[in-house]
>>> print(open('final.csv').read())   # CSV, C-alpha atoms
chain,number,residue,atom,x,y,z
Q,1,MET,CA,1.1,-13.4,16.4
Q,2,THR,CA,0.4,-14.6,12.8
Q,3,THR,CA,-2.6,-16.0,11.2
Q,4,ASP,CA,-3.3,-18.6,8.6
Q,5,ALA,CA,-6.3,-16.6,7.4
Q,6,GLY,CA,-3.9,-14.8,5.0
Q,7,ARG,CA,-2.8,-17.9,3.2
Q,8,PRO,CA,0.8,-17.7,2.2
Q,9,THR,CA,1.3,-17.6,-1.5
Q,10,VAL,CA,4.1,-19.3,-3.4
Q,11,PHE,CA,5.1,-15.8,-4.6
Q,12,ALA,CA,5.5,-14.6,-1.0
Q,13,VAL,CA,7.6,-17.6,0.0
Q,14,VAL,CA,9.8,-17.3,-3.1
Q,15,ALA,CA,10.1,-13.5,-2.8
Q,16,GLY,CA,11.0,-13.8,0.9
Q,17,ARG,CA,13.8,-16.3,0.1
Q,18,VAL,CA,15.1,-14.1,-2.7
Q,19,LEU,CA,15.2,-11.1,-0.4
Q,20,ALA,CA,17.0,-13.2,2.3
Q,21,VAL,CA,19.6,-14.2,-0.2
Q,22,ALA,CA,20.1,-10.7,-1.5
Q,23,PHE,CA,20.5,-9.5,2.1
Q,24,ARG,CA,23.0,-12.2,2.9
Q,25,ILE,CA,25.1,-11.1,-0.1
Q,26,LEU,CA,24.8,-7.5,1.0
Q,27,GLN,CA,25.8,-8.4,4.5
Q,28,ARG,CA,29.1,-9.6,3.3
Q,29,PHE,CA,30.0,-6.1,2.4
Q,30,ARG,CA,28.0,-4.2,5.0
Q,31,ARG,CA,28.0,-5.2,8.6
Q,32,PRO,CA,26.1,-5.3,10.8
Q,33,ARG,CA,23.2,-3.9,8.8
Q,34,PRO,CA,23.0,-4.7,5.1
Q,35,ILE,CA,20.3,-2.1,4.6
Q,36,HIS,CA,19.5,1.0,6.7
Q,37,PRO,CA,23.2,0.9,7.7
Q,38,HIS,CA,23.3,4.4,9.3
Q,39,GLY,CA,20.6,6.0,11.3
Q,40,VAL,CA,19.8,8.5,14.0
Q,41,ALA,CA,18.5,7.5,17.4
Q,42,LEU,CA,15.5,9.5,18.4
Q,43,SER,CA,13.2,9.7,21.4
Q,44,GLY,CA,9.9,11.4,22.2
Q,45,THR,CA,6.2,11.0,22.6
Q,46,VAL,CA,3.1,9.9,20.9
Q,47,ARG,CA,0.0,11.9,21.7
Q,48,TYR,CA,-3.2,10.2,20.7
Q,49,LEU,CA,-6.1,12.1,19.2
Q,50,THR,CA,-9.7,11.3,19.9
Q,51,SER,CA,-10.3,10.4,16.3
Q,52,PRO,CA,-13.8,9.1,15.5
Q,53,ALA,CA,-12.3,6.6,13.0
Q,54,ARG,CA,-11.0,3.3,14.5
Q,55,SER,CA,-8.1,1.4,13.0
Q,56,GLY,CA,-9.2,-2.0,14.3
Q,57,ILE,CA,-5.8,-2.3,16.2
Q,58,ALA,CA,-6.6,-2.2,19.9
Q,59,PHE,CA,-3.1,-0.9,20.8
Q,60,LEU,CA,-3.8,2.2,18.7
Q,61,ASP,CA,-7.5,2.6,19.3
Q,62,HIS,CA,-7.3,2.2,23.1
Q,63,PRO,CA,-3.9,3.4,24.2
Q,64,ALA,CA,-2.8,3.0,27.8
Q,65,ALA,CA,-2.5,6.8,28.2
Q,66,ALA,CA,-3.2,9.9,26.2
Q,67,GLU,CA,0.5,10.3,25.7
Q,68,LEU,CA,3.2,7.6,25.7
Q,69,PRO,CA,7.0,7.7,25.4
Q,70,VAL,CA,8.6,6.2,22.3
Q,71,SER,CA,12.1,5.7,20.9
Q,72,ALA,CA,12.7,5.8,17.2
Q,73,ARG,CA,15.3,5.5,14.4
Q,74,VAL,CA,15.4,7.3,11.1
Q,75,SER,CA,17.7,5.9,8.4
Q,76,ARG,CA,18.6,5.9,4.8
Q,77,SER,CA,17.9,2.4,3.5
Q,78,LEU,CA,20.5,2.0,0.8
Q,79,GLY,CA,22.9,4.3,2.5
Q,80,VAL,CA,24.0,6.2,-0.6
Q,81,PRO,CA,25.7,9.4,0.4
Q,82,ALA,CA,23.6,12.5,1.0
Q,83,PRO,CA,22.5,14.7,-0.7
Q,84,LEU,CA,21.6,11.9,-3.1
Q,85,PRO,CA,18.0,10.8,-2.6
Q,86,ASP,CA,17.4,7.5,-0.7
Q,87,VAL,CA,14.4,5.5,0.5
Q,88,ILE,CA,14.1,6.7,4.1
Q,89,GLY,CA,13.1,4.4,7.0
Q,90,LEU,CA,11.4,5.5,10.2
Q,91,ALA,CA,11.0,2.9,13.0
Q,92,ILE,CA,9.1,3.7,16.1
Q,93,ARG,CA,9.1,1.6,19.3
Q,94,TRP,CA,6.7,1.6,22.3
Q,95,ASP,CA,8.1,-0.1,25.3
Q,96,GLY,CA,5.5,-1.7,27.5
Q,97,PRO,CA,5.2,-4.3,30.2
Q,98,SER,CA,4.7,-7.1,27.6
Q,99,GLY,CA,7.8,-6.0,25.7
Q,100,PRO,CA,8.5,-3.7,22.8
Q,101,ALA,CA,6.0,-2.9,20.0
Q,102,ASP,CA,7.6,-1.8,16.8
Q,103,LEU,CA,6.2,0.2,13.8
Q,104,ALA,CA,8.4,0.2,10.7
Q,105,LEU,CA,7.7,2.8,8.0
Q,106,ALA,CA,9.4,3.5,4.7
Q,107,SER,CA,9.1,6.5,2.4
Q,108,THR,CA,6.4,5.9,-0.2
Q,109,GLY,CA,3.7,7.8,-1.9
Q,110,PHE,CA,0.4,8.5,-0.1
Q,111,GLY,CA,-2.1,7.8,-2.8
Q,112,VAL,CA,-3.3,4.6,-4.4
Q,113,PRO,CA,-1.3,2.8,-5.6
Q,114,SER,CA,1.8,4.9,-4.7
Q,115,ARG,CA,1.4,4.0,-1.0
Q,116,PHE,CA,2.6,0.6,-2.0
Q,117,TRP,CA,5.8,1.5,-3.6
Q,118,LEU,CA,9.0,3.0,-2.2
Q,119,ALA,CA,10.0,6.6,-3.0
Q,120,ALA,CA,13.4,8.1,-2.6
Q,121,HIS,CA,13.7,11.5,-0.9
Q,122,ARG,CA,16.5,14.0,0.0
Q,123,SER,CA,14.8,15.1,3.3
Q,124,PRO,CA,13.0,12.9,5.8
Q,125,SER,CA,10.6,15.7,6.5
Q,126,ARG,CA,9.6,15.9,2.8
Q,127,ALA,CA,8.9,12.2,2.7
Q,128,ARG,CA,5.6,10.5,3.5
Q,129,PHE,CA,5.8,7.1,5.2
Q,130,THR,CA,3.7,4.0,5.1
Q,131,THR,CA,4.0,0.4,6.3
Q,132,LEU,CA,3.8,-0.7,2.7
Q,133,ILE,CA,2.3,-4.0,3.9
Q,134,PRO,CA,-1.1,-4.0,5.7
Q,135,TYR,CA,-1.7,-5.4,9.2
Q,136,ARG,CA,-4.6,-7.7,9.8
Q,137,SER,CA,-6.9,-5.9,12.2
Q,138,ASP,CA,-10.4,-6.4,13.5
Q,139,ARG,CA,-11.6,-4.2,10.8
Q,140,GLY,CA,-9.7,-5.9,8.0
Q,141,PRO,CA,-6.4,-4.9,6.4
Q,142,VAL,CA,-5.0,-1.6,7.7
Q,143,LEU,CA,-2.0,0.4,6.6
Q,144,LEU,CA,-0.3,2.9,9.0
Q,145,ALA,CA,1.4,6.0,7.8
Q,146,ALA,CA,3.2,9.2,8.9
Q,147,ARG,CA,3.5,12.6,7.4
Q,148,THR,CA,5.6,15.5,8.7
Q,149,ILE,CA,3.9,18.5,10.3
Q,150,GLY,CA,7.2,20.3,10.7
Q,151,PRO,CA,9.9,21.3,10.2
Q,152,ARG,CA,10.0,21.2,6.5
Q,153,ASP,CA,13.6,20.7,5.5
Q,154,LEU,CA,15.4,18.3,7.8
Q,155,PRO,CA,18.7,17.0,6.4
Q,156,SER,CA,18.9,13.3,5.8
Q,157,GLU,CA,22.7,12.8,6.4
Q,158,PRO,CA,22.7,11.2,9.8
Q,159,ARG,CA,25.1,13.5,11.6
Q,160,ALA,CA,23.5,16.6,10.2
Q,161,LEU,CA,20.1,15.2,11.1
Q,162,ALA,CA,21.1,14.4,14.6
Q,163,THR,CA,22.4,17.9,15.1
Q,164,ALA,CA,19.3,19.5,13.7
Q,165,LEU,CA,17.0,17.3,15.9
Q,166,THR,CA,19.1,18.2,19.0
Q,167,GLY,CA,17.8,21.8,18.8
Q,168,THR,CA,14.3,21.2,17.3
Q,169,THR,CA,11.5,18.8,17.4
Q,170,TRP,CA,10.4,16.7,14.4
Q,171,ARG,CA,6.6,16.5,14.6
Q,172,LEU,CA,4.7,14.0,12.5
Q,173,ARG,CA,1.0,13.0,12.3
Q,174,LEU,CA,0.2,9.2,12.3
Q,175,TYR,CA,-2.6,7.9,10.1
Q,176,HIS,CA,-4.4,4.6,9.5
Q,177,ALA,CA,-6.3,3.6,6.3
Q,178,SER,CA,-7.7,0.6,4.6
Q,179,PRO,CA,-5.4,-0.3,1.6
Q,180,THR,CA,-7.4,1.9,-0.8
Q,181,GLY,CA,-9.1,4.2,1.7
Q,182,HIS,CA,-8.6,7.7,3.1
Q,183,TRP,CA,-6.0,8.4,5.7
Q,184,HIS,CA,-7.4,9.0,9.2
Q,185,PRO,CA,-5.1,10.9,11.6
Q,186,PHE,CA,-4.9,9.2,15.0
Q,187,ALA,CA,-1.8,10.6,16.8
Q,188,ILE,CA,0.9,13.2,16.8
Q,189,VAL,CA,4.5,12.1,17.2
Q,190,GLU,CA,7.2,14.4,18.5
Q,191,LEU,CA,10.8,13.2,18.2
Q,192,ARG,CA,14.2,14.7,19.2
Q,193,HIS,CA,17.8,13.5,19.2
Q,194,SER,CA,19.0,13.4,22.8
Q,195,SER,CA,21.5,10.5,22.7
Q,196,THR,CA,25.3,10.9,23.1
Q,197,THR,CA,25.8,8.8,20.0
Q,198,VAL,CA,24.2,9.4,16.6
Q,199,ASP,CA,22.9,5.9,16.0
Q,200,THR,CA,21.4,3.2,18.2
Q,201,PRO,CA,22.3,-0.5,18.4
Q,202,ASP,CA,18.6,-1.3,18.9
Q,203,ARG,CA,17.0,-3.5,16.1
Q,204,PHE,CA,13.4,-2.7,15.2
Q,205,ASP,CA,11.4,-5.7,14.1
Q,206,PRO,CA,7.7,-5.2,13.3
Q,207,VAL,CA,7.2,-9.0,12.8
Q,208,ARG,CA,8.5,-10.2,16.1
Q,209,HIS,CA,7.5,-7.1,18.0
Q,210,GLN,CA,4.0,-6.6,16.7
Q,211,LEU,CA,1.6,-3.9,17.8
Q,212,PRO,CA,-0.7,-5.6,20.2
Q,213,GLY,CA,-4.1,-6.3,18.6
Q,214,SER,CA,-2.6,-6.5,15.2
Q,215,GLU,CA,-1.7,-9.6,13.2
Q,216,THR,CA,0.7,-10.2,10.3
Q,217,TYR,CA,-0.8,-11.8,7.3
Q,218,ASN,CA,1.0,-15.1,6.7
Q,219,TRP,CA,2.0,-14.1,3.2
Q,220,ALA,CA,3.5,-10.9,4.7
Q,221,ARG,CA,5.4,-12.9,7.4
Q,222,ARG,CA,6.7,-15.3,4.7
Q,223,LEU,CA,7.9,-12.3,2.7
Q,224,ARG,CA,9.6,-10.4,5.5
Q,225,GLU,CA,10.7,-12.8,8.1
Q,226,PRO,CA,13.6,-14.5,6.2
Q,227,SER,CA,15.3,-11.2,5.5
Q,228,TYR,CA,14.7,-9.9,9.0
Q,229,ALA,CA,16.1,-13.1,10.5
Q,230,ARG,CA,19.1,-12.7,8.2
Q,231,VAL,CA,19.8,-9.1,8.9
Q,232,GLN,CA,19.2,-9.5,12.7
Q,233,GLY,CA,21.0,-12.8,13.1
Q,234,LYS,CA,18.0,-14.8,14.1
Q,235,THR,CA,16.6,-18.0,12.8
Q,236,SER,CA,13.1,-17.9,11.4
D,1,MET,CA,-6.4,12.3,-6.5
D,2,ASN,CA,-10.2,12.9,-6.1
D,3,THR,CA,-11.8,16.0,-4.6
D,4,ALA,CA,-11.9,14.6,-1.1
D,5,ASP,CA,-8.2,13.9,-1.4
D,6,LEU,CA,-7.6,17.4,-2.5
D,7,LEU,CA,-9.5,18.9,0.4
D,8,THR,CA,-7.9,16.5,2.8
D,9,ASP,CA,-4.5,17.7,1.7
D,10,ALA,CA,-5.5,21.4,1.9
D,11,PHE,CA,-6.7,21.0,5.5
D,12,ALA,CA,-3.5,19.1,6.4
D,13,ARG,CA,-1.5,22.0,5.1
D,14,VAL,CA,-3.5,24.4,7.2
D,15,SER,CA,-2.5,22.4,10.2
D,16,GLU,CA,1.1,22.1,9.1
D,17,THR,CA,1.3,25.9,8.5
D,18,VAL,CA,-0.2,26.7,11.9
D,19,HIS,CA,2.2,24.3,13.7
D,20,GLY,CA,5.1,26.0,12.0
D,21,VAL,CA,3.8,29.4,13.0
D,22,VAL,CA,3.3,28.8,16.7
D,23,ASP,CA,6.1,26.3,17.3
D,24,GLY,CA,8.5,27.6,19.9
D,25,LEU,CA,6.6,30.8,20.6
D,26,SER,CA,6.5,32.2,24.1
D,27,SER,CA,3.3,33.4,25.8
D,28,ARG,CA,4.5,36.9,25.2
D,29,GLU,CA,5.0,36.3,21.5
D,30,LEU,CA,1.6,34.6,21.2
D,31,MET,CA,-0.1,37.7,22.7
D,32,ALA,CA,2.0,40.2,20.9
D,33,ARG,CA,0.4,42.9,18.7
D,34,VAL,CA,1.8,44.6,15.7
D,35,ASP,CA,-0.1,47.8,16.7
D,36,ASP,CA,-2.7,48.6,19.3
D,37,GLU,CA,-5.6,47.2,17.2
D,38,SER,CA,-4.1,44.2,15.5
D,39,ASN,CA,-5.0,40.6,16.2
D,40,THR,CA,-2.6,38.4,18.1
D,41,ILE,CA,-1.2,35.1,17.0
D,42,ALA,CA,-3.1,33.4,19.8
D,43,TRP,CA,-6.4,34.9,18.7
D,44,LEU,CA,-5.8,34.1,15.0
D,45,VAL,CA,-5.0,30.5,15.6
D,46,TRP,CA,-7.8,30.1,18.2
D,47,HIS,CA,-10.3,31.7,15.8
D,48,LEU,CA,-9.3,29.8,12.7
D,49,THR,CA,-9.7,26.5,14.7
D,50,ARG,CA,-13.0,27.6,16.2
D,51,VAL,CA,-14.3,28.4,12.7
D,52,GLN,CA,-13.2,25.0,11.4
D,53,ASP,CA,-14.7,23.3,14.4
D,54,ASP,CA,-18.0,25.2,14.3
D,55,HIS,CA,-18.5,24.8,10.5
D,56,ILE,CA,-17.5,21.1,10.2
D,57,ALA,CA,-19.6,20.2,13.3
D,58,ASP,CA,-22.5,22.0,11.6
D,59,LEU,CA,-22.0,20.1,8.4
D,60,MET,CA,-21.8,16.8,10.3
D,61,ASP,CA,-24.7,17.7,12.5
D,62,THR,CA,-22.7,17.0,15.6
D,63,ASP,CA,-21.3,18.8,18.6
D,64,GLN,CA,-18.3,21.1,18.4
D,65,ILE,CA,-15.1,19.6,19.8
D,66,TRP,CA,-14.7,22.8,21.7
D,67,LEU,CA,-17.7,21.9,23.8
D,68,SER,CA,-17.9,18.1,23.6
D,69,ALA,CA,-14.2,17.4,24.4
D,70,GLY,CA,-13.8,20.1,27.1
D,71,TRP,CA,-11.5,22.5,25.3
D,72,VAL,CA,-13.7,25.4,26.4
D,73,ASP,CA,-12.7,24.5,30.0
D,74,ARG,CA,-9.0,24.1,29.2
D,75,PHE,CA,-8.8,27.5,27.5
D,76,ARG,CA,-10.9,29.2,30.3
D,77,LEU,CA,-11.5,32.3,28.2
D,78,ALA,CA,-13.7,35.2,29.4
D,79,LEU,CA,-16.1,34.7,26.4
D,80,PRO,CA,-19.4,33.0,25.8
D,81,ALA,CA,-18.9,29.2,25.4
D,82,THR,CA,-20.0,29.2,21.8
D,83,ASP,CA,-18.0,32.2,20.7
D,84,THR,CA,-16.0,31.6,17.6
D,85,GLY,CA,-14.4,35.1,17.4
D,86,TYR,CA,-16.6,36.3,14.6
D,87,GLY,CA,-17.0,40.1,14.9
D,88,HIS,CA,-14.6,40.5,17.8
D,89,SER,CA,-13.4,43.9,18.9
D,90,SER,CA,-9.9,44.7,19.9
D,91,ASP,CA,-10.9,44.3,23.5
D,92,ASP,CA,-12.4,40.9,22.7
D,93,VAL,CA,-9.1,39.8,21.0
D,94,ALA,CA,-7.3,40.7,24.2
D,95,THR,CA,-9.4,38.2,26.2
D,96,VAL,CA,-8.0,35.3,24.2
D,97,VAL,CA,-5.1,34.7,26.6
D,98,VAL,CA,-3.0,31.6,25.8
D,99,GLU,CA,0.1,30.6,27.8
D,100,SER,CA,1.5,27.9,25.6
D,101,PRO,CA,1.4,26.8,21.9
D,102,ASP,CA,0.6,23.3,23.1
D,103,LEU,CA,-3.0,24.3,24.0
D,104,LEU,CA,-3.6,25.8,20.6
D,105,LEU,CA,-2.1,22.9,18.8
D,106,GLY,CA,-3.8,20.3,20.9
D,107,TYR,CA,-7.2,21.8,20.0
D,108,LEU,CA,-6.3,22.2,16.3
D,109,ASP,CA,-5.0,18.6,16.1
D,110,GLU,CA,-8.3,17.3,17.4
D,111,VAL,CA,-10.4,19.4,15.1
D,112,HIS,CA,-8.2,18.5,12.1
D,113,ALA,CA,-8.6,14.8,12.8
D,114,ARG,CA,-12.4,15.1,12.8
D,115,THR,CA,-12.3,17.2,9.6
D,116,ALA,CA,-10.1,14.5,7.9
D,117,HIS,CA,-12.6,11.9,9.1
D,118,PHE,CA,-15.5,13.9,7.6
D,119,LEU,CA,-13.7,14.5,4.3
D,120,SER,CA,-12.9,10.8,4.0
D,121,GLY,CA,-16.6,10.0,3.5
D,122,LEU,CA,-17.3,12.5,0.8
D,123,THR,CA,-18.0,11.8,-2.8
D,124,ASP,CA,-18.0,14.4,-5.6
D,125,ALA,CA,-21.8,14.2,-5.7
D,126,ASP,CA,-22.0,15.3,-2.0
D,127,LEU,CA,-20.2,18.6,-2.8
D,128,ASP,CA,-23.3,19.9,-4.7
D,129,ARG,CA,-25.6,19.4,-1.7
D,130,VAL,CA,-27.0,22.8,-0.5
D,131,VAL,CA,-26.0,23.3,3.1
D,132,ASP,CA,-27.0,27.0,3.7
D,133,GLU,CA,-29.9,28.7,2.0
D,134,ASN,CA,-29.3,32.1,3.8
D,135,TRP,CA,-27.1,33.2,0.9
D,136,THR,CA,-27.8,33.8,-2.8
D,137,PRO,CA,-26.9,31.6,-4.5
D,138,ALA,CA,-27.3,29.0,-1.8
D,139,VAL,CA,-24.1,27.6,-0.3
D,140,THR,CA,-23.2,24.1,-1.3
D,141,LEU,CA,-21.0,21.8,0.7
D,142,GLY,CA,-18.1,22.3,-1.8
D,143,VAL,CA,-18.3,26.0,-1.5
D,144,ARG,CA,-18.5,25.9,2.3
D,145,LEU,CA,-15.5,23.6,2.5
D,146,VAL,CA,-13.4,25.9,0.3
D,147,SER,CA,-14.6,28.9,2.3
D,148,ILE,CA,-13.3,27.3,5.5
D,149,VAL,CA,-10.0,26.4,3.9
D,150,SER,CA,-9.7,30.0,2.6
D,151,ASP,CA,-10.5,31.5,6.0
D,152,ASP,CA,-8.1,29.2,7.7
D,153,PHE,CA,-5.2,29.9,5.3
D,154,GLN,CA,-5.8,33.7,5.5
D,155,HIS,CA,-5.6,33.7,9.3
D,156,ALA,CA,-2.6,31.3,9.3
D,157,GLY,CA,-0.8,33.6,6.9
D,158,GLN,CA,-1.6,36.6,9.1
D,159,ALA,CA,-0.3,34.7,12.1
D,160,ALA,CA,2.9,33.9,10.2
D,161,PHE,CA,3.3,37.5,9.3
D,162,ILE,CA,3.0,38.6,12.9
D,163,ARG,CA,5.5,35.9,14.0
D,164,GLY,CA,8.0,37.4,11.5
D,165,VAL,CA,7.4,40.9,12.8
D,166,VAL,CA,7.7,39.8,16.4
D,167,ARG,CA,10.9,37.8,15.8
D,168,ARG,CA,12.5,40.7,14.1
D,169,ARG,CA,11.9,43.2,16.9
>>> encode(input="final.csv", output="structure tokens")
Amino acid sequence: MTTDAGRPTVFAVVAGRVLAVAFRILQRFRRPRPIHPHGVALSGTVRYLTSPARSGIAFLDHPAAAELPVSARVSRSLGVPAPLPDVIGLAIRWDGPSGPADLALASTGFGVPSRFWLAAHRSPSRARFTTLIPYRSDRGPVLLAARTIGPRDLPSEPRALATALTGTTWRLRLYHASPTGHWHPFAIVELRHSSTTVDTPDRFDPVRHQLPGSETYNWARRLREPSYARVQGKTS
Amino acid sequence: MNTADLLTDAFARVSETVHGVVDGLSSRELMARVDDESNTIAWLVWHLTRVQDDHIADLMDTDQIWLSAGWVDRFRLALPATDTGYGHSSDDVATVVVESPDLLLGYLDEVHARTAHFLSGLTDADLDRVVDENWTPAVTLGVRLVSIVSDDFQHAGQAAFIRGVVRRR
């Protein structure tokens, strides 16, 4: 669901089209994914905490159960070879009766304003992740984030990471915050690699598969949707 | 980074350290002792969490998660419900029997979330507020928070040491 309350700006429309063109050019050389070309399929659980701080997103504040299964994909966005640092993506999917709900995170800083810019890392467990763009919630704009609890030094090369997460669990803490506010932990995620293949063909799309109870600001949709449509072969 | 951010990061690192210490340990390893009188990993992690829970609840003038969220019933320890482990004897330490790291970490994660929530509302001016006049000089909020972090890190480090010893046996 989108809203007109966040009035799309000319900048967002232009930037969205520029990104779509850039992705189209990239896609000529890199198929099927122009960015995040290689990843690792993960599965696990999200265990919700009884945090006194509410995000304003009903799906997170009032989960269907104290613990829910999720699937996930961690990837290097540019796909430069390890051990070179890269912006790392982490997508998490909840599958429910009304369809999937996707959360897309990228490695950033955690402070203000560093939570709004991308940061390259060598290890996914050394990275801190945010949504970069806020959701619209009942309590106003809200960012979501993740920070590794352990282990400390996971490799980022997909095959090495898949091997590492076959024998150990990647544990992260999920947070929410207002754009300039403090991070409030609300859940613990535990992920492992249990697939027979390293990667997954699943496409994660936080715009089309929104977290129930959240909305995308119109400017954000205008910014992201053209490139998602391009990358995932859909029309916006 | 302001003071609240700094403290938030410190408490997050306490949690991360403890997760790393107990992750994958068996019940036998959680209850192992380096000698007849030493603390166990289970006791150390339980105690550091109880101290954080007790002290932060006191600062917030609210109930301990141990009591209000039913962790006292899940642990089912042969100890008074409000016991935090302060002044425990070797025999008392032995009563803190924990079968799985999940129980310890579940309690710690809940306490940590409440601590992070409390810290998020702090300003630098709040840190000078006197919270305990039973000491000379009186304890301010800032001093109390640093004291909790210090206590937690010491016990987390002790637990990490025991893990190393146990895993080398």
>>> interface_residues(input="final.csv", of="chain D", to="chain Q", cutoff="8 Å", atoms="only C-alpha atoms", output="ChimeraX atom specification")
/D:1,5,15-16,19-20,109-110,113-114,116-117,120
>>> residues_around(input="final.csv", residues="Val40 (chain Q)", least_positions_apart="5", cutoff="8 Å", atoms="all atoms listed in the file", output="PyMOL selection string")
chain Q and resi 73-75+158-159+161-162+193+198-200
>>> residues_around(input="final.csv", residues="region 113-128 of chain Q", least_positions_apart="4", cutoff="6 Å", atoms="only C-alpha atoms", output="PyMOL selection string")
chain Q and resi 85-87+107-109+132+147-148+152-156
>>> atom_distance(input="final.csv", atom1="CA of Glu225 (chain Q)", atom2="CA of Ala12 (chain Q)")
10.6 Å
>>> residues_around(input="final.csv", residues="Arg169 (chain D)", least_positions_apart="3", cutoff="12 Å", atoms="all atoms listed in the file", output="list in words")
Glu29, Ala32, Arg33, Val34, Ile162, Arg163, Gly164, Val165 and Val166 of chain D
>>> atom_distance(input="final.csv", atom1="CA of Leu90 (chain Q)", atom2="CA of Leu68 (chain Q)")
17.7 Å
>>> axis_aligned_box(input="final.csv", around="region 131-144 of chain Q", padding_each_side="8 Å", output="JSON")
{"center_x": -3.8, "center_y": -2.4, "center_z": 8.1, "size_x": 31.6, "size_y": 26.6, "size_z": 26.8}
>>> atom_distance(input="final.csv", atom1="CA of Leu59 (chain D)", atom2="CA of Asp124 (chain D)")
15.6 Å
>>> closest_residue(input="final.csv", among="Q:Glu157, Q:Asp102, Q:Asp95, Q:Asp138", to="Ile57 (chain Q)", atoms="all atoms listed in the file")
Q:Asp138
>>> residues_near_point(input="final.csv", point="(-14.1, 30.5, 23.4)", cutoff="10 Å", atoms="only C-alpha atoms", output="JSON, numbers by chain")
{"D": [46, 47, 50, 66, 67, 71, 72, 73, 75, 76, 77, 78, 79, 80, 81, 82, 83, 84, 85, 95, 96]}
